[in-house]
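Peer 1: work-v6.cif is the file, holding mmCIF, C-alpha atoms:
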data_work
#
loop_
_atom_site.label_atom_id
_atom_site.label_comp_id
_atom_site.auth_asym_id
_atom_site.auth_seq_id
_atom_site.Cartn_x
_atom_site.Cartn_y
_atom_site.Cartn_z
CA MET A 558 0.00 0.00 0.00
CA ASN A 559 1.39 3.34 -1.01
CA LEU A 560 0.96 5.79 1.87
CA TRP A 561 2.48 8.62 -0.19
CA TYR A 562 -0.62 8.63 -2.28
CA PHE A 563 -2.52 10.23 0.60
CA CYS A 564 0.09 12.85 1.46
CA SER A 565 -0.34 16.36 0.19
CA VAL A 566 2.07 17.56 -2.47
CA LYS A 567 3.36 21.06 -3.09
CA PHE A 568 2.20 22.75 -6.28
CA LEU A 569 3.16 26.08 -7.80
CA ALA A 570 0.26 28.07 -9.18
CA GLU A 571 0.95 30.81 -11.71
CA ILE A 572 -1.96 33.20 -12.21
CA GLU A 573 -2.05 35.73 -15.04
CA ILE A 574 -4.60 38.52 -14.70
CA LEU A 575 -5.31 40.87 -17.62
CA PRO A 576 -7.87 43.61 -18.25
CA LYS A 577 -10.71 42.27 -20.40
CA LYS A 578 -10.56 43.07 -24.13
CA GLY A 579 -12.28 46.32 -24.99
CA LEU A 580 -12.06 47.71 -21.48
CA LEU A 581 -9.89 50.68 -20.64
CA ASP A 582 -6.23 49.85 -19.95
CA PRO A 583 -4.56 53.23 -19.31
CA GLN A 584 -1.29 51.63 -18.15
CA GLY A 585 -1.09 49.54 -21.33
CA LYS A 586 -1.81 52.61 -23.48
CA ALA A 587 0.92 54.58 -21.71
CA VAL A 588 3.45 51.80 -22.29
CA THR A 589 2.42 51.48 -25.96
CA HIS A 590 3.02 55.21 -26.49
CA SER A 591 6.42 55.03 -24.75
CA MET A 592 7.77 52.30 -27.04
CA PRO A 593 9.01 54.58 -29.89
CA SER A 594 10.98 56.66 -27.37
CA ILE A 595 13.12 53.60 -26.54
CA GLY A 596 13.59 52.82 -30.22
CA LEU A 597 10.88 50.18 -30.66
CA ASN A 598 8.50 51.02 -33.51
CA ASN A 599 7.24 47.49 -34.11
CA VAL A 600 5.32 47.09 -30.83
CA ASN A 601 1.62 47.75 -30.30
CA GLU A 602 -1.40 46.73 -28.21
CA VAL A 603 0.44 46.48 -24.92
CA CYS A 604 -1.71 45.17 -22.06
CA VAL A 605 -0.56 45.48 -18.46
CA GLY A 606 -1.91 43.14 -15.82
CA LYS A 607 -0.85 41.22 -12.73
CA PHE A 608 1.20 38.06 -12.36
CA ILE A 609 0.84 36.12 -9.13
CA THR A 610 2.61 32.95 -8.03
CA MET A 611 1.82 30.91 -4.92
CA ASN A 612 2.69 27.61 -3.30
CA ILE A 613 -0.29 25.36 -2.67
CA GLU A 614 -0.37 22.15 -0.64
CA ALA A 615 -2.96 19.81 -2.09
CA ASN A 616 -3.68 16.15 -2.75
CA SER A 617 -4.01 16.54 -6.51
CA GLU A 618 -3.45 18.99 -9.34
CA ALA A 619 -7.22 19.43 -9.62
CA GLU A 620 -7.45 20.41 -5.94
CA ALA A 621 -4.57 22.88 -6.37
CA PHE A 622 -6.33 24.36 -9.41
CA ALA A 623 -9.56 24.75 -7.44
CA THR A 624 -7.67 26.54 -4.65
CA ALA A 625 -6.00 28.93 -7.10
CA GLU A 626 -9.36 29.58 -8.77
CA THR A 627 -11.00 30.42 -5.44
CA ALA A 628 -8.15 32.83 -4.64
CA SER A 629 -8.47 34.45 -8.09
CA LYS A 630 -12.24 34.84 -7.88
CA LYS A 631 -12.50 35.99 -4.27
CA LEU A 632 -9.35 38.04 -3.82
CA LEU A 633 -7.00 38.56 -6.74
CA ALA A 634 -9.03 39.44 -9.85
CA ASN A 635 -11.83 41.92 -10.33
CA LEU A 636 -14.05 39.72 -12.51
CA ILE A 637 -15.99 42.66 -13.91
CA MET A 638 -12.89 44.17 -15.49
CA GLU A 639 -10.30 41.39 -15.50
CA SER A 640 -9.92 37.82 -16.69
CA TYR A 641 -7.54 35.24 -15.22
CA ASN A 642 -5.56 32.28 -16.46
CA ILE A 643 -4.16 29.63 -14.10
CA ARG A 644 -1.24 27.24 -14.64
CA ILE A 645 -0.39 24.55 -12.09
CA LYS A 646 3.09 23.03 -11.84
CA THR A 647 4.30 20.30 -9.50
CA LEU A 648 7.16 21.40 -7.23
CA MET B 1325 10.78 31.98 -54.65
CA ASN B 1326 8.81 32.49 -51.49
CA LEU B 1327 8.27 36.22 -50.96
CA TRP B 1328 6.43 35.59 -47.69
CA TYR B 1329 9.69 34.58 -46.14
CA PHE B 1330 10.75 38.24 -46.11
CA CYS B 1331 7.50 39.65 -44.74
CA SER B 1332 7.21 40.50 -41.09
CA VAL B 1333 4.96 38.31 -38.97
CA LYS B 1334 2.95 39.22 -35.90
CA PHE B 1335 4.07 37.70 -32.64
CA LEU B 1336 2.53 37.85 -29.18
CA ALA B 1337 5.02 38.42 -26.38
CA GLU B 1338 4.01 37.50 -22.82
CA ILE B 1339 6.29 38.99 -20.19
CA GLU B 1340 6.15 37.91 -16.53
CA ILE B 1341 7.86 40.22 -14.05
CA LEU B 1342 8.34 39.13 -10.43
CA PRO B 1343 10.20 40.59 -7.46
CA LYS B 1344 13.55 38.84 -7.03
CA LYS B 1345 13.72 36.10 -4.37
CA GLY B 1346 14.69 37.42 -0.95
CA LEU B 1347 13.66 40.97 -1.71
CA LEU B 1348 10.74 42.60 0.04
CA ASP B 1349 7.33 41.88 -1.55
CA PRO B 1350 4.80 43.68 0.67
CA GLN B 1351 1.90 43.04 -1.73
CA GLY B 1352 2.67 39.31 -1.78
CA LYS B 1353 2.90 39.22 2.02
CA ALA B 1354 -0.45 40.99 2.34
CA VAL B 1355 -2.12 38.51 -0.01
CA THR B 1356 -0.54 35.55 1.83
CA HIS B 1357 -1.95 36.81 5.15
CA SER B 1358 -5.42 37.33 3.60
CA MET B 1359 -5.72 33.75 2.37
CA PRO B 1360 -7.08 32.19 5.63
CA SER B 1361 -9.83 34.84 5.73
CA ILE B 1362 -11.25 33.49 2.45
CA GLY B 1363 -11.00 29.91 3.72
CA LEU B 1364 -7.69 28.91 2.11
CA ASN B 1365 -5.23 27.54 4.68
CA ASN B 1366 -3.06 25.59 2.21
CA VAL B 1367 -1.57 28.60 0.40
CA ASN B 1368 1.75 30.28 1.15
CA GLU B 1369 4.61 32.25 -0.39
CA VAL B 1370 2.46 34.42 -2.61
CA CYS B 1371 4.45 36.68 -4.96
CA VAL B 1372 2.77 39.54 -6.78
CA GLY B 1373 4.29 40.92 -9.96
CA LYS B 1374 3.31 42.26 -13.37
CA PHE B 1375 2.07 40.49 -16.49
CA ILE B 1376 2.46 42.30 -19.79
CA THR B 1377 1.39 41.21 -23.27
CA MET B 1378 2.23 42.99 -26.52
CA ASN B 1379 1.99 42.47 -30.27
CA ILE B 1380 5.33 42.62 -32.06
CA GLU B 1381 5.92 42.72 -35.82
CA ALA B 1382 9.18 40.99 -36.62
CA ASN B 1383 10.88 38.80 -39.20
CA SER B 1384 11.61 35.95 -36.81
CA GLU B 1385 10.85 34.68 -33.33
CA ALA B 1386 14.39 35.60 -32.30
CA GLU B 1387 13.88 39.20 -33.43
CA ALA B 1388 10.56 39.37 -31.54
CA PHE B 1389 12.28 38.00 -28.43
CA ALA B 1390 15.02 40.65 -28.72
CA THR B 1391 12.38 43.39 -28.99
CA ALA B 1392 10.51 42.11 -25.92
CA GLU B 1393 13.81 41.86 -24.02
CA THR B 1394 14.72 45.47 -24.89
CA ALA B 1395 11.28 46.63 -23.69
CA SER B 1396 11.66 44.64 -20.45
CA LYS B 1397 15.15 45.94 -19.71
CA LYS B 1398 14.62 49.58 -20.67
CA LEU B 1399 11.03 50.18 -19.62
CA LEU B 1400 9.05 47.43 -17.94
CA ALA B 1401 11.20 45.79 -15.28
CA ASN B 1402 13.35 47.32 -12.56
CA LEU B 1403 16.31 44.95 -12.91
CA ILE B 1404 17.66 45.72 -9.44
CA MET B 1405 14.50 44.41 -7.77
CA GLU B 1406 12.72 42.38 -10.44
CA SER B 1407 13.39 39.52 -12.82
CA TYR B 1408 11.55 38.88 -16.08
CA ASN B 1409 10.56 35.88 -18.17
CA ILE B 1410 9.55 36.19 -21.83
CA ARG B 1411 7.41 33.81 -23.92
CA ILE B 1412 6.91 34.41 -27.65
CA LYS B 1413 3.91 32.99 -29.52
CA THR B 1414 3.11 33.27 -33.22
CA LEU B 1415 -0.21 35.00 -33.92
#
Could you write out this file's structure as structure tokens?
Peer 2:
Amino acid sequence: MNLWYFCSVKFLAEIEILPKKGLLDPQGKAVTHSMPSIGLNNVNEVCVGKFITMNIEANSEAEAFATAETASKKLLANLIMESYNIRIKTL
Amino acid sequence: MNLWYFCSVKFLAEIEILPKKGLLDPQGKAVTHSMPSIGLNNVNEVCVGKFITMNIEANSEAEAFATAETASKKLLANLIMESYNIRIKTL
């Protein structure tokens, strides 16, 4: 019998949060307009959002994903204006 | 002769910027301490950084990467306190 199966494992969750398409992104606009001043004329449509990483102890990748999703919905992202994307990696 | 070979292609650059390990991350600490209040006791070591996406017109993936790296170094990241990670995708 494999006892390890029941032990919780550490996962790394990477959460990307971006303003929803079509909504105002003043920071992204400002960065887009600054690009030519640093010599980059081939860049456009810059979007600026948040990147959050966290360690999660869970029994499975699905449980870790659910935890990261709860954190995103309840605390990290403003769902009216922002969308999130979660990646789970085993540590 | 394939003329398309010489035309510039659109790439999507995704840039993740995080505070360097060991440096102060007050936002991350605040989020870590808020986790139990939303019922998550299995989360720790939250890091909060920036996530930036941009469209880049370039002749190759390597050129797009170089453009994104220039933007990161000169404008987006504070290299003393932050580290960056770039992913390039073809649009």
Peer 1: To box segment 629-641 of chain A, take all atoms listed in the file, fit an axis-aligned box, add 6 Å on each side, and give centre and edge lengths in Å to one decimal, as JSON.
Peer 2:
{"center_x": -11.5, "center_y": 39.3, "center_z": -10.3, "size_x": 21.0, "size_y": 21.7, "size_z": 24.9}
Peer 1: Please write as a PyMOL selection string the list of polymer residues whose atoms come within 12 Å of (8.2, 38.9, -34.9), counting all atoms listed in the file and keeping to the coordinates of the file.
Peer 2: (chain A and resi 599-601) or (chain B and resi 1330-1337+1378-1392+1412-1415)
Peer 1: Calculate how many Å separate atom CA of Tyr1408 of chain B from atom CA of Ile1339 of chain B, rounding to one decimal.
Peer 2: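 Atom-to-atom, atom CA of Tyr1408 of chain B and atom CA of Ile1339 of chain B are spaced 6.7 Å apart.
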Peer 1: Just fit chain B onto chain A on all the Cα atoms, in order, by least squares, and give it as a short mmCIF file (atom, residue, chain, number, x, y, z; two decimals) with C-alpha atoms, keeping the file's coordinate frame.
Peer 2:
data_model
loop_
_atom_site.label_atom_id
_atom_site.label_comp_id
_atom_site.auth_asym_id
_atom_site.auth_seq_id
_atom_site.Cartn_x
_atom_site.Cartn_y
_atom_site.Cartn_z
CA MET B 1325 0.18 -0.06 -0.07
CA ASN B 1326 1.51 3.31 -1.08
CA LEU B 1327 1.03 5.74 1.81
CA TRP B 1328 2.51 8.60 -0.22
CA TYR B 1329 -0.58 8.58 -2.34
CA PHE B 1330 -2.51 10.17 0.54
CA CYS B 1331 0.07 12.81 1.42
CA SER B 1332 -0.36 16.34 0.20
CA VAL B 1333 2.05 17.57 -2.45
CA LYS B 1334 3.33 21.07 -3.07
CA PHE B 1335 2.19 22.75 -6.25
CA LEU B 1336 3.16 26.08 -7.77
CA ALA B 1337 0.24 28.07 -9.15
CA GLU B 1338 0.95 30.83 -11.69
CA ILE B 1339 -1.96 33.19 -12.18
CA GLU B 1340 -2.06 35.73 -15.03
CA ILE B 1341 -4.61 38.52 -14.68
CA LEU B 1342 -5.30 40.87 -17.61
CA PRO B 1343 -7.85 43.61 -18.25
CA LYS B 1344 -10.69 42.27 -20.39
CA LYS B 1345 -10.54 43.07 -24.13
CA GLY B 1346 -12.27 46.33 -25.01
CA LEU B 1347 -12.05 47.72 -21.50
CA LEU B 1348 -9.89 50.71 -20.69
CA ASP B 1349 -6.23 49.87 -19.96
CA PRO B 1350 -4.55 53.24 -19.32
CA GLN B 1351 -1.28 51.64 -18.16
CA GLY B 1352 -1.09 49.55 -21.34
CA LYS B 1353 -1.81 52.61 -23.49
CA ALA B 1354 0.93 54.58 -21.73
CA VAL B 1355 3.46 51.81 -22.30
CA THR B 1356 2.43 51.47 -25.97
CA HIS B 1357 3.01 55.21 -26.51
CA SER B 1358 6.42 55.03 -24.77
CA MET B 1359 7.77 52.30 -27.04
CA PRO B 1360 9.01 54.57 -29.91
CA SER B 1361 10.98 56.65 -27.38
CA ILE B 1362 13.12 53.61 -26.54
CA GLY B 1363 13.59 52.82 -30.24
CA LEU B 1364 10.89 50.16 -30.66
CA ASN B 1365 8.51 51.01 -33.52
CA ASN B 1366 7.25 47.45 -34.10
CA VAL B 1367 5.33 47.08 -30.83
CA ASN B 1368 1.62 47.72 -30.30
CA GLU B 1369 -1.40 46.71 -28.22
CA VAL B 1370 0.43 46.48 -24.93
CA CYS B 1371 -1.71 45.16 -22.05
CA VAL B 1372 -0.56 45.48 -18.47
CA GLY B 1373 -1.92 43.15 -15.82
CA LYS B 1374 -0.85 41.22 -12.73
CA PHE B 1375 1.21 38.06 -12.35
CA ILE B 1376 0.84 36.12 -9.12
CA THR B 1377 2.61 32.95 -8.01
CA MET B 1378 1.81 30.92 -4.89
CA ASN B 1379 2.68 27.60 -3.27
CA ILE B 1380 -0.32 25.37 -2.64
CA GLU B 1381 -0.39 22.14 -0.62
CA ALA B 1382 -2.98 19.81 -2.07
CA ASN B 1383 -3.72 16.16 -2.73
CA SER B 1384 -4.04 16.55 -6.49
CA GLU B 1385 -3.48 19.00 -9.32
CA ALA B 1386 -7.24 19.44 -9.59
CA GLU B 1387 -7.48 20.41 -5.92
CA ALA B 1388 -4.60 22.89 -6.34
CA PHE B 1389 -6.34 24.37 -9.39
CA ALA B 1390 -9.58 24.77 -7.41
CA THR B 1391 -7.69 26.56 -4.62
CA ALA B 1392 -6.00 28.94 -7.08
CA GLU B 1393 -9.36 29.58 -8.77
CA THR B 1394 -11.01 30.43 -5.42
CA ALA B 1395 -8.16 32.85 -4.63
CA SER B 1396 -8.48 34.46 -8.08
CA LYS B 1397 -12.25 34.86 -7.88
CA LYS B 1398 -12.51 36.01 -4.27
CA LEU B 1399 -9.35 38.07 -3.84
CA LEU B 1400 -7.00 38.58 -6.76
CA ALA B 1401 -9.03 39.45 -9.85
CA ASN B 1402 -11.84 41.94 -10.34
CA LEU B 1403 -14.04 39.74 -12.53
CA ILE B 1404 -16.00 42.67 -13.94
CA MET B 1405 -12.88 44.19 -15.49
CA GLU B 1406 -10.30 41.40 -15.50
CA SER B 1407 -9.91 37.83 -16.69
CA TYR B 1408 -7.54 35.26 -15.21
CA ASN B 1409 -5.57 32.27 -16.44
CA ILE B 1410 -4.17 29.63 -14.08
CA ARG B 1411 -1.25 27.23 -14.64
CA ILE B 1412 -0.41 24.56 -12.06
CA LYS B 1413 3.08 23.03 -11.82
CA THR B 1414 4.28 20.30 -9.49
CA LEU B 1415 7.14 21.39 -7.22
#
Peer 1: Go ahead and compute the interatomic distance for atom CA of Glu1338 of chain B and atom CA of Asn1409 of chain B, in Å to one decimal.
Peer 2: 8.2 Å
Peer 1: For a quick check of understanding, using all atoms listed in the file, which of B:Thr1377, B:Asn1365, B:Ser1358, B:Gln1351 has the smallest distance to chain A?
Peer 2: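 Result for the nearest residue to chain A: B:Thr1377.
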Peer 1: Translate the PyMOL selection byres ((chain B and resi 1396-1407) around 12), as applied to the file shown, into an explicit residue set as an NGL selection string.
Peer 2: (:A and (584-585 or 587-597 or 603-606)) or (:B and (1337-1349 or 1371-1378 or 1389-1395 or 1408-1410))
Peer 1: Keeping only C-alpha atoms, take the residues you just selected and write them out as a JSON list (two decimals), in the frame of the given file.
Peer 2:
[["chain", "number", "residue", "atom", "x", "y", "z"],
["A", 584, "GLN", "CA", -1.29, 51.63, -18.15],
["A", 585, "GLY", "CA", -1.09, 49.54, -21.33],
["A", 587, "ALA", "CA", 0.92, 54.58, -21.71],
["A", 588, "VAL", "CA", 3.45, 51.80, -22.29],
["A", 589, "THR", "CA", 2.42, 51.48, -25.96],
["A", 590, "HIS", "CA", 3.02, 55.21, -26.49],
["A", 591, "SER", "CA", 6.42, 55.03, -24.75],
["A", 592, "MET", "CA", 7.77, 52.30, -27.04],
["A", 593, "PRO", "CA", 9.01, 54.58, -29.89],
["A", 594, "SER", "CA", 10.98, 56.66, -27.37],
["A", 595, "ILE", "CA", 13.12, 53.60, -26.54],
["A", 596, "GLY", "CA", 13.59, 52.82, -30.22],
["A", 597, "LEU", "CA", 10.88, 50.18, -30.66],
["A", 603, "VAL", "CA", 0.44, 46.48, -24.92],
["A", 604, "CYS", "CA", -1.71, 45.17, -22.06],
["A", 605, "VAL", "CA", -0.56, 45.48, -18.46],
["A", 606, "GLY", "CA", -1.91, 43.14, -15.82],
["B", 1337, "ALA", "CA", 5.02, 38.42, -26.38],
["B", 1338, "GLU", "CA", 4.01, 37.50, -22.82],
["B", 1339, "ILE", "CA", 6.29, 38.99, -20.19],
["B", 1340, "GLU", "CA", 6.15, 37.91, -16.53],
["B", 1341, "ILE", "CA", 7.86, 40.22, -14.05],
["B", 1342, "LEU", "CA", 8.34, 39.13, -10.43],
["B", 1343, "PRO", "CA", 10.20, 40.59, -7.46],
["B", 1344, "LYS", "CA", 13.55, 38.84, -7.03],
["B", 1345, "LYS", "CA", 13.72, 36.10, -4.37],
["B", 1346, "GLY", "CA", 14.69, 37.42, -0.95],
["B", 1347, "LEU", "CA", 13.66, 40.97, -1.71],
["B", 1348, "LEU", "CA", 10.74, 42.60, 0.04],
["B", 1349, "ASP", "CA", 7.33, 41.88, -1.55],
["B", 1371, "CYS", "CA", 4.45, 36.68, -4.96],
["B", 1372, "VAL", "CA", 2.77, 39.54, -6.78],
["B", 1373, "GLY", "CA", 4.29, 40.92, -9.96],
["B", 1374, "LYS", "CA", 3.31, 42.26, -13.37],
["B", 1375, "PHE", "CA", 2.07, 40.49, -16.49],
["B", 1376, "ILE", "CA", 2.46, 42.30, -19.79],
["B", 1377, "THR", "CA", 1.39, 41.21, -23.27],
["B", 1378, "MET", "CA", 2.23, 42.99, -26.52],
["B", 1389, "PHE", "CA", 12.28, 38.00, -28.43],
["B", 1390, "ALA", "CA", 15.02, 40.65, -28.72],
["B", 1391, "THR", "CA", 12.38, 43.39, -28.99],
["B", 1392, "ALA", "CA", 10.51, 42.11, -25.92],
["B", 1393, "GLU", "CA", 13.81, 41.86, -24.02],
["B", 1394, "THR", "CA", 14.72, 45.47, -24.89],
["B", 1395, "ALA", "CA", 11.28, 46.63, -23.69],
["B", 1408, "TYR", "CA", 11.55, 38.88, -16.08],
["B", 1409, "ASN", "CA", 10.56, 35.88, -18.17],
["B", 1410, "ILE", "CA", 9.55, 36.19, -21.83]]
